[in-house]
Amino acid sequence: MRMAIIGAGGLGLSALKGLLELKVNLSNEIVIFDFDRVEESNIHRQIFYTINDLGKSKIQVLKERFSSVENLRFFEMKLNDENVENLKCFNLILLCVDNAETRFIVNDFCVKNKIPFIEAGVEGFIGTVFIYVPEETACYRCFHPVKPLKKEKPGIITFTNVLAGFYQAKEAFNFLNGKSKLIGKLFHFDLKSNIFEYIKLSKNPKCPVCSVS
Ligand SMILES: [Zn+2]
C-alpha cells in the first residue's frame, strides 16, 4: 500500500501528522511531494517548520526532521501534465494544494488511472473535504468543470487548515479500513458560523472528465 500527499503546506502537514498519529505509516509507505521553500507567512500554520527553516526547501526540511521515521519518503517536484505519471504507483492520494491547476492535473490523472484520492480546500474559516472513488463517486470536475479565472487566496487561518488536514487523514484511515462514510458526499464546515454538514454529491453527466466514455 503506497500513499502520496501532494503539497507540504498547511493541509499536507496536518494530514501527515494525523496519519502518523493514526499509525497508518506502520504498514504503508507515505510519499510527500512539494517544490516550495519555507516563507515567513507559512510558519504559524505549517506545523513542522520553524523560523530557522526560512528560505529552505520544504522537502529538505522534512527529510531531516523525519529521517528516523521508516516508510516516509520525500520528493521535490512540481506536478505537471508529464511528471504526474509518477503517481501511477499509488493506491491512495491526499490532495493538499491551494491551486486549481494541480487539482485538475491530479483529478484528471486519477480518473483516467482509477486511483482514489481525498481532496481538501480551505479559505478563511471555511473548509471542504471529499473523496473520489473510481467509477463510484463524482470527481472534482463534476462540480468544478472549469478552472476559476481568479487566483485562489490560500487559507491563512491555522485551525481551518488543521481541521481539514486531519479530516483527510482520518478519512484515509477509514477508507483503507473499508469504513468510509464520506463516499458520495462533501464535508463542508464553516467555523465562523458553526456549520458542519455533509452535502450529497452526484456524478455530473456532463463532466468533461469522468463522463467521457
Ligand atoms: Zn467528473
# chains A, B, ... in the order shown; residues from 1 in each chain; ligands from 1

call {"tool": "residues_near_ligand", "arguments": {"ligand": "ligand 1", "cutoff": "8 Å", "atoms": "only C-alpha atoms and all ligand atoms", "output": "PyMOL selection string"}}
result
chain A and resi 138-143+145+203-211

call {"tool": "select_by_dssp", "arguments": {"residues": "range 94-185 of chain A", "states": "strand (DSSP E)", "output": "number ranges by chain"}}
result
A: 94-95, 117-123, 126-132, 185

call {"tool": "write_last_selection", "arguments": {"atoms": "C-alpha atoms", "output": "PDB file, in the first residue's frame"}}
result
ATOM      1  CA  LEU A  94      -4.189  13.042  -0.476  1.00  0.00           C
ATOM      2  CA  LEU A  95      -4.554  16.237  -2.468  1.00  0.00           C
ATOM      3  CA  PHE A 117      -7.966  10.492  -3.839  1.00  0.00           C
ATOM      4  CA  ILE A 118      -9.067  12.676  -0.946  1.00  0.00           C
ATOM      5  CA  GLU A 119      -9.170  16.397  -1.678  1.00  0.00           C
ATOM      6  CA  ALA A 120      -9.419  19.336   0.734  1.00  0.00           C
ATOM      7  CA  GLY A 121      -9.808  23.059   0.181  1.00  0.00           C
ATOM      8  CA  VAL A 122      -9.750  25.911   2.697  1.00  0.00           C
ATOM      9  CA  GLU A 123     -10.376  29.627   2.650  1.00  0.00           C
ATOM     10  CA  ILE A 126     -14.434  27.556   5.522  1.00  0.00           C
ATOM     11  CA  GLY A 127     -13.185  24.123   4.509  1.00  0.00           C
ATOM     12  CA  THR A 128     -14.318  21.199   2.372  1.00  0.00           C
ATOM     13  CA  VAL A 129     -13.171  17.594   2.054  1.00  0.00           C
ATOM     14  CA  PHE A 130     -14.326  14.964  -0.409  1.00  0.00           C
ATOM     15  CA  ILE A 131     -13.195  11.546  -1.570  1.00  0.00           C
ATOM     16  CA  TYR A 132     -13.073  10.339  -5.150  1.00  0.00           C
ATOM     17  CA  LYS A 185     -20.642  13.322  -0.026  1.00  0.00           C
TER      18      LYS A 185
END

call {"tool": "residues_around", "arguments": {"residues": "Phe159 in chain A", "least_positions_apart": "5", "cutoff": "12 Å", "atoms": "only C-alpha atoms", "output": "PyMOL selection string"}}
result
chain A and resi 10-11+14+44-47+122-127+164-167+189-192

call {"tool": "atom_distance", "arguments": {"atom1": "CA of Ser202 in chain A", "atom2": "CA of Arg103 in chain A"}}
result
18.8 Å

call {"tool": "select_by_dssp", "arguments": {"residues": "chain A", "states": "alpha helix (DSSP H)", "output": "count of residues only"}}
result
57

call {"tool": "residues_around", "arguments": {"residues": "Val61 in chain A", "least_positions_apart": "6", "cutoff": "12 Å", "atoms": "only C-alpha atoms", "output": "list in words"}}
result
Ala8, Asp34, Phe35, Asp36, Arg37, Val38, Phe48, Tyr49, Thr50, Ile51, Asn52, Asp53, Leu54, Gly55, Ser67, Phe74, Phe75 and Glu76 of chain A

call {"tool": "atom_distance", "arguments": {"atom1": "CA of Glu101 in chain A", "atom2": "CA of Ser193 in chain A"}}
result
29.4 Å

call {"tool": "residues_around", "arguments": {"residues": "Glu21 in chain A", "least_positions_apart": "3", "cutoff": "12 Å", "atoms": "only C-alpha atoms", "output": "list of chain:residue names"}}
result
A:Ser14, A:Ala15, A:Leu16, A:Lys17, A:Gly18, A:Val24, A:Asn25, A:Leu26, A:Phe166, A:Ala169, A:Lys170, A:Phe173

call {"tool": "write_last_selection", "arguments": {"atoms": "C-alpha atoms", "output": "tab-separated table (two decimals), in the first residue's frame"}}
result
chain	number	residue	atom	x	y	z
A	14	SER	CA	-1.70	18.42	9.20
A	15	ALA	CA	-2.67	15.36	7.16
A	16	LEU	CA	0.80	13.88	7.68
A	17	LYS	CA	0.63	14.46	11.43
A	18	GLY	CA	-2.80	12.83	11.51
A	24	VAL	CA	-1.15	4.50	9.15
A	25	ASN	CA	2.56	4.58	8.34
A	26	LEU	CA	3.37	1.36	10.14
A	166	PHE	CA	-6.73	15.98	9.99
A	169	ALA	CA	-6.01	11.73	7.43
A	170	LYS	CA	-8.99	10.31	9.31
A	173	PHE	CA	-7.62	5.70	7.64

call {"tool": "closest_residue", "arguments": {"among": "A:Ile105, A:Leu176, A:Leu62, A:Ile6", "to": "Leu22 in chain A", "atoms": "only C-alpha atoms"}}
result
A:Leu176

call {"tool": "atom_distance", "arguments": {"atom1": "CA of Lys179 in chain A", "atom2": "CA of Glu85 in chain A"}}
result
28.7 Å
